[in-house]
Amino acid sequence: MSATVPLLGIETEYGIIRDEVDNYDVVEESMKLVRRCEMKSEFGNWAYFRERSHQDMRGFNVPSLAQDEEEDAFCVEDRKRPYSYWEMKSDRVLENGARFYNDHTHPEYSTPECSSVFQLVAHDLAGEHIVFECARLRNQDDKPGKVFIFKNNTDYIGHSYGTHDNYLISRRLPFENWVERLVPFLVTRQLYAGAGKVGSELRNNHSFSGLQLAQRSDFIETVLSIETMTQRPIINTRDEPHATQDKYRRLHLILGDANMSPYATALKVGTTRLILTLIGEDKLKLPVTLENPVEDIKAISHDLTGTIALKRTNGKTITSLEIQEFYLEVADKNLSGQCKESDWIIREWARTLDELKHHPEKLADRIDWAIKKDIFTRFIESEGVGWDDPWIKSLDLEYHNIDPERGLYRGLEQTGDLYSMFSKDEVQRAIKQPPEDTRAWVRGLAVTLGTNKIKNIHWTGIEFTDGTFIDLSQTITSADLEHLINSKKEQYPWL
Amino acid sequence: MAMNDPLRREEKKDPTPDKKDTGPSSPSVERPGRDDILKRMKRVDPKQSENYKQRTGQ
């Protein structure tokens, strides 16, 4: 447990198709998929009135967001549908404390709040299994065609959907301090966190072909923005901590990719948490300042070697690898030896940067873009096609198919030559059980044992039909959780 | 917590390369499973990505 960054979470929007059917309705498919879930869950009672998505970290409120316009458009365009917008959302809170719902026509799995990186990665994997199980059940029900689910972030023609990593941090420091120290790190972490993408979706740039590091980098348009569907930023400024407002911020990062490799997820979230810890503990001096980080994030993505020269504001240049090495060195110096998990992250971060520099082919057992580079290159050589062949883009998509009989990452897992992080039992446990040391434990228990008595439910609390309320906004640490359970045990015997 | 700890298995595996061992050495990466995945890749519909259309998400 890091006291400086006590809670973590990942939200993943999945791609969904039904094959062999022309003009299938993606709204219906996503909605029916979520509704097919057989896990114990609280259905339809998400407390939207507790959301505060229009507050900006920079100290103002915005009147509307692009997602509001989408909601309005749905209501107008889809008035003929026999269900409301809210019914379409099909919100579930699962017995493991996660949220599972239909967000903007994508099934979305939001992990429960986790206290450790490994715990979080296990819950991210649990999400894959839960979503796939719903698809399997749907395919028993409905014919013709089959539903397939993709853990990726693009349809290759300009439509992107997100994978957001979230970190609870202190409000003590001004927001600017976090931003200036984070930006060079965030634009370069794709060196190991990028899921890889064949081709480019940049407007006015059709010259790139081949594989780039990341799926989302083409879609980043600004440094700071509260928006998530347009003007996507390096750092999202939505000020919605889902915790005590005057003590905490939630860093809501929307620039990252959905990783098939749990190792890549662990490195992405683990390194980010280390950097946030350094910033939160005033141990990170101002790093390099990039002249144009928004352009850089795209240029870095197009360079698989980490050696492209990036302009600094002082007139000098620096490479993406050098930026990552700077952050690694500070993390190693200040945070090594504090806990096994941090040591694992620092050690693997160092190994990965070192191999990228000297033996990039060695990354092909654990870094998504490098795995793709390896298998697509073999395929190209075998079939005599080029990187521009549509077949390669189709392989890229199929890499992210979560069906064990179809997906390319799934196929590689079965051969056993990928870095393995968790046993099946450990993932099964994350499917059924919330983290035992965070407030998600209370949410999961309420769903399991308090069914039919919940009036509404949210990250920050649970209201019951008898009018009572469990406030979770101040339950951040395991000590907070223990205190909450002890103080509420009499009122809620199931705790 | 006790669950979800890759460190436990890592202790049983061959040690990962020492981070100080940064000198060059000849790459020796054998991946026999990659031949199997070629068969699966050949079964992928070449047009699949062209038919894959999604709505913008967040």
# chains A, B, ... in the order shown; residues from 1 in each chain; ligands from 1

$ interface_residues --of "chain A" --to "chain B" --cutoff "7 Å" --atoms "only C-alpha atoms" --output "ChimeraX atom specification"
/A:15,104-105,118-119,122,155,159-162,228-229,347,350-351,354,358-359,362,375,379,390-391,393-395,397,411-412,415,417,421-422,426

$ residues_around --residues "Gly467 in chain A" --least-positions-apart "5" --cutoff "12 Å" --atoms "only C-alpha atoms" --output "JSON, numbers by chain"
{"A": [453, 454, 455, 456, 462]}

$ write_last_selection --atoms "C-alpha atoms" --output "compact mmCIF listing (two decimals), in the first residue's frame"
# COMPACT_ATOMS: atom_id res chain seq x y z
CA LYS A 453 -32.14 -3.73 -0.16
CA ILE A 454 -29.96 -1.35 -2.16
CA LYS A 455 -31.64 1.82 -3.37
CA ASN A 456 -28.62 3.21 -5.20
CA ILE A 462 -24.42 2.88 -0.86

$ closest_atom_pairs --of "range 245-355 of chain A" --to "range 184-197 of chain A" --cutoff "9 Å" --atoms "only C-alpha atoms" --output "CSV"
residue,atom,partner,partner_atom,distance
A:Leu255,CA,A:Leu186,CA,8.3
A:Gly256,CA,A:Gly194,CA,7.5
A:Asp257,CA,A:Ala195,CA,5.9
A:Ala258,CA,A:Ala195,CA,6.7
A:Asn259,CA,A:Ala195,CA,5.5
A:Met260,CA,A:Ala195,CA,7.5
A:Ser261,CA,A:Ala195,CA,8.5
A:Ala264,CA,A:Ala193,CA,5.5
A:Thr265,CA,A:Ala193,CA,6.9
A:Leu267,CA,A:Ala193,CA,7.1
A:Lys268,CA,A:Ala193,CA,5.4
A:Val269,CA,A:Ala193,CA,9.0
A:Thr271,CA,A:Arg189,CA,8.5
A:Thr272,CA,A:Leu186,CA,8.0
A:Ile275,CA,A:Phe185,CA,8.2
A:Pro287,CA,A:Pro184,CA,7.7
A:Val288,CA,A:Pro184,CA,7.1
A:Thr289,CA,A:Pro184,CA,7.0
A:Leu290,CA,A:Pro184,CA,6.9
A:Pro293,CA,A:Val187,CA,6.9
A:Val294,CA,A:Val187,CA,8.1
A:Asp296,CA,A:Val187,CA,7.3
A:Ile297,CA,A:Val187,CA,5.1
A:Lys298,CA,A:Val187,CA,8.7
A:Ile300,CA,A:Thr188,CA,7.0
A:Ser301,CA,A:Gln190,CA,7.1
A:Leu304,CA,A:Leu191,CA,7.6
A:Thr305,CA,A:Leu191,CA,8.4
A:Gly306,CA,A:Leu191,CA,6.8
A:Ser320,CA,A:Thr188,CA,5.5
A:Leu321,CA,A:Thr188,CA,7.6
A:Ile323,CA,A:Pro184,CA,7.0
A:Gln324,CA,A:Phe185,CA,6.6
A:Tyr327,CA,A:Phe185,CA,7.3
A:Trp349,CA,A:Tyr192,CA,8.6
A:Thr352,CA,A:Tyr192,CA,7.4
A:Leu353,CA,A:Tyr192,CA,8.1

$ select_by_dssp --residues "range 288-346 of chain A" --states "strand (DSSP E or B)" --output "ChimeraX atom specification"
/A:290,309-312,317-319

$ residues_around --residues "range 62-67 of chain A" --least-positions-apart "4" --cutoff "12 Å" --atoms "only C-alpha atoms" --output "list in words"
Arg52, Ser53, His54, Gln55, Asp56, Met57, Arg58, Glu71, Asp72, Ala73, Phe74, Asp103, His104, Ser225, Ile226, Glu227, Thr228, Met229, Thr230, Gln231, Arg232, Thr237, Arg238 and Asp239 of chain A; Thr56, Gly57 and Gln58 of chain B

$ write_last_selection --atoms "N, CA and C atoms" --output "compact mmCIF listing (two decimals), in the first residue's frame"
# COMPACT_ATOMS: atom_id res chain seq x y z
N ARG A 52 -19.87 14.08 -10.68
CA ARG A 52 -19.51 15.51 -10.83
C ARG A 52 -18.53 15.64 -11.98
N SER A 53 -18.97 15.31 -13.17
CA SER A 53 -18.04 15.21 -14.29
C SER A 53 -17.74 16.55 -14.96
N HIS A 54 -18.39 17.64 -14.53
CA HIS A 54 -18.20 18.93 -15.20
C HIS A 54 -17.26 19.87 -14.44
N GLN A 55 -16.73 19.41 -13.29
CA GLN A 55 -15.78 20.23 -12.54
C GLN A 55 -14.38 20.02 -13.11
N ASP A 56 -13.67 21.13 -13.30
CA ASP A 56 -12.34 21.07 -13.91
C ASP A 56 -11.26 21.33 -12.85
N MET A 57 -10.16 20.58 -12.95
CA MET A 57 -9.05 20.73 -12.00
C MET A 57 -8.52 22.17 -11.97
N ARG A 58 -8.72 22.90 -13.07
CA ARG A 58 -8.18 24.25 -13.15
C ARG A 58 -9.06 25.27 -12.45
N GLU A 71 -25.43 11.96 -25.47
CA GLU A 71 -26.63 11.53 -24.75
C GLU A 71 -27.87 12.18 -25.36
N ASP A 72 -27.75 13.49 -25.65
CA ASP A 72 -28.88 14.20 -26.26
C ASP A 72 -29.22 13.59 -27.62
N ALA A 73 -28.15 13.30 -28.38
CA ALA A 73 -28.36 12.72 -29.72
C ALA A 73 -29.05 11.37 -29.61
N PHE A 74 -28.65 10.59 -28.63
CA PHE A 74 -29.28 9.29 -28.45
C PHE A 74 -30.77 9.46 -28.20
N ASP A 103 -21.38 1.76 -21.95
CA ASP A 103 -21.00 3.17 -22.03
C ASP A 103 -20.78 3.56 -23.49
N HIS A 104 -21.64 4.40 -24.00
CA HIS A 104 -21.48 4.91 -25.37
C HIS A 104 -21.32 3.75 -26.37
N SER A 225 -7.33 18.90 -20.94
CA SER A 225 -8.73 19.09 -21.34
C SER A 225 -9.60 18.24 -20.44
N ILE A 226 -10.81 18.72 -20.22
CA ILE A 226 -11.77 17.94 -19.43
C ILE A 226 -12.51 16.94 -20.32
N GLU A 227 -12.39 17.13 -21.64
CA GLU A 227 -13.11 16.28 -22.58
C GLU A 227 -12.47 14.89 -22.69
N THR A 228 -13.28 13.92 -23.09
CA THR A 228 -12.76 12.58 -23.31
C THR A 228 -13.11 12.04 -24.70
N MET A 229 -14.11 12.65 -25.35
CA MET A 229 -14.53 12.16 -26.67
C MET A 229 -14.04 13.05 -27.81
N THR A 230 -13.72 14.30 -27.48
CA THR A 230 -13.09 15.21 -28.45
C THR A 230 -11.94 15.86 -27.70
N GLN A 231 -11.04 16.51 -28.43
CA GLN A 231 -9.92 17.23 -27.78
C GLN A 231 -9.30 16.38 -26.67
N ARG A 232 -8.97 15.14 -27.00
CA ARG A 232 -8.45 14.24 -25.96
C ARG A 232 -7.07 14.73 -25.50
N THR A 237 -8.59 16.75 -17.16
CA THR A 237 -8.72 17.67 -16.02
C THR A 237 -10.04 17.52 -15.27
N ARG A 238 -10.75 16.45 -15.51
CA ARG A 238 -11.99 16.23 -14.75
C ARG A 238 -11.66 16.14 -13.27
N ASP A 239 -12.32 16.95 -12.49
CA ASP A 239 -12.02 17.00 -11.05
C ASP A 239 -13.12 16.26 -10.29
N THR B 56 -17.45 6.20 -31.61
CA THR B 56 -16.47 6.85 -30.74
C THR B 56 -16.87 6.67 -29.29
N GLY B 57 -15.88 6.32 -28.48
CA GLY B 57 -16.10 6.22 -27.03
C GLY B 57 -15.30 7.29 -26.34
N GLN B 58 -14.99 7.02 -25.09
CA GLN B 58 -14.27 8.04 -24.32
C GLN B 58 -12.77 7.79 -24.36

$ residues_around --residues "Thr460 in chain A" --least-positions-apart "3" --cutoff "6 Å" --atoms "only C-alpha atoms" --output "ChimeraX atom specification"
/A:242,472-473

$ atom_distance --atom1 "CA of Ile485 in chain A" --atom2 "CA of Gly9 in chain A"
22.2 Å

$ closest_residue --among "A:Pro262, A:Pro107, A:Pro493, A:Gly44" --to "Ile457 in chain A" --atoms "only C-alpha atoms"
A:Gly44

$ residues_around --residues "Gln245 in chain A" --least-positions-apart "5" --cutoff "10 Å" --atoms "only C-alpha atoms" --output "PDB file with N, CA and C atoms, in the first residue's frame"
ATOM      1  N   SER A 170      -3.034  13.235  -3.573  1.00  0.00           N
ATOM      2  CA  SER A 170      -3.359  14.295  -2.610  1.00  0.00           C
ATOM      3  C   SER A 170      -3.727  15.598  -3.318  1.00  0.00           C
ATOM      4  N   ARG A 171      -4.573  16.389  -2.685  1.00  0.00           N
ATOM      5  CA  ARG A 171      -4.896  17.717  -3.218  1.00  0.00           C
ATOM      6  C   ARG A 171      -3.918  18.773  -2.687  1.00  0.00           C
ATOM      7  N   ASP A 239     -12.316  16.946 -12.487  1.00  0.00           N
ATOM      8  CA  ASP A 239     -12.024  16.995 -11.048  1.00  0.00           C
ATOM      9  C   ASP A 239     -13.123  16.257 -10.291  1.00  0.00           C
ATOM     10  N   GLU A 240     -13.004  14.969 -10.276  1.00  0.00           N
ATOM     11  CA  GLU A 240     -14.033  14.123  -9.669  1.00  0.00           C
ATOM     12  C   GLU A 240     -13.308  13.023  -8.891  1.00  0.00           C
ATOM     13  N   ARG A 250      -8.396  12.781  -8.143  1.00  0.00           N
ATOM     14  CA  ARG A 250      -8.239  11.520  -8.883  1.00  0.00           C
ATOM     15  C   ARG A 250      -7.590  11.869 -10.218  1.00  0.00           C
ATOM     16  N   SER A 473     -16.780   7.720   0.947  1.00  0.00           N
ATOM     17  CA  SER A 473     -15.895   8.744   0.390  1.00  0.00           C
ATOM     18  C   SER A 473     -14.654   8.975   1.235  1.00  0.00           C
ATOM     19  N   GLN A 474     -14.715   8.580   2.510  1.00  0.00           N
ATOM     20  CA  GLN A 474     -13.544   8.780   3.369  1.00  0.00           C
ATOM     21  C   GLN A 474     -12.839   7.462   3.694  1.00  0.00           C
TER      22      GLN A 474
END

$ closest_residue --among "A:Gln491, A:Ser41, A:Ser110, A:Asn166" --to "Glu11 in chain A" --atoms "only C-alpha atoms"
A:Ser110

$ atom_distance --atom1 "CA of Ser207 in chain A" --atom2 "CA of Arg378 in chain A"
23.7 Å
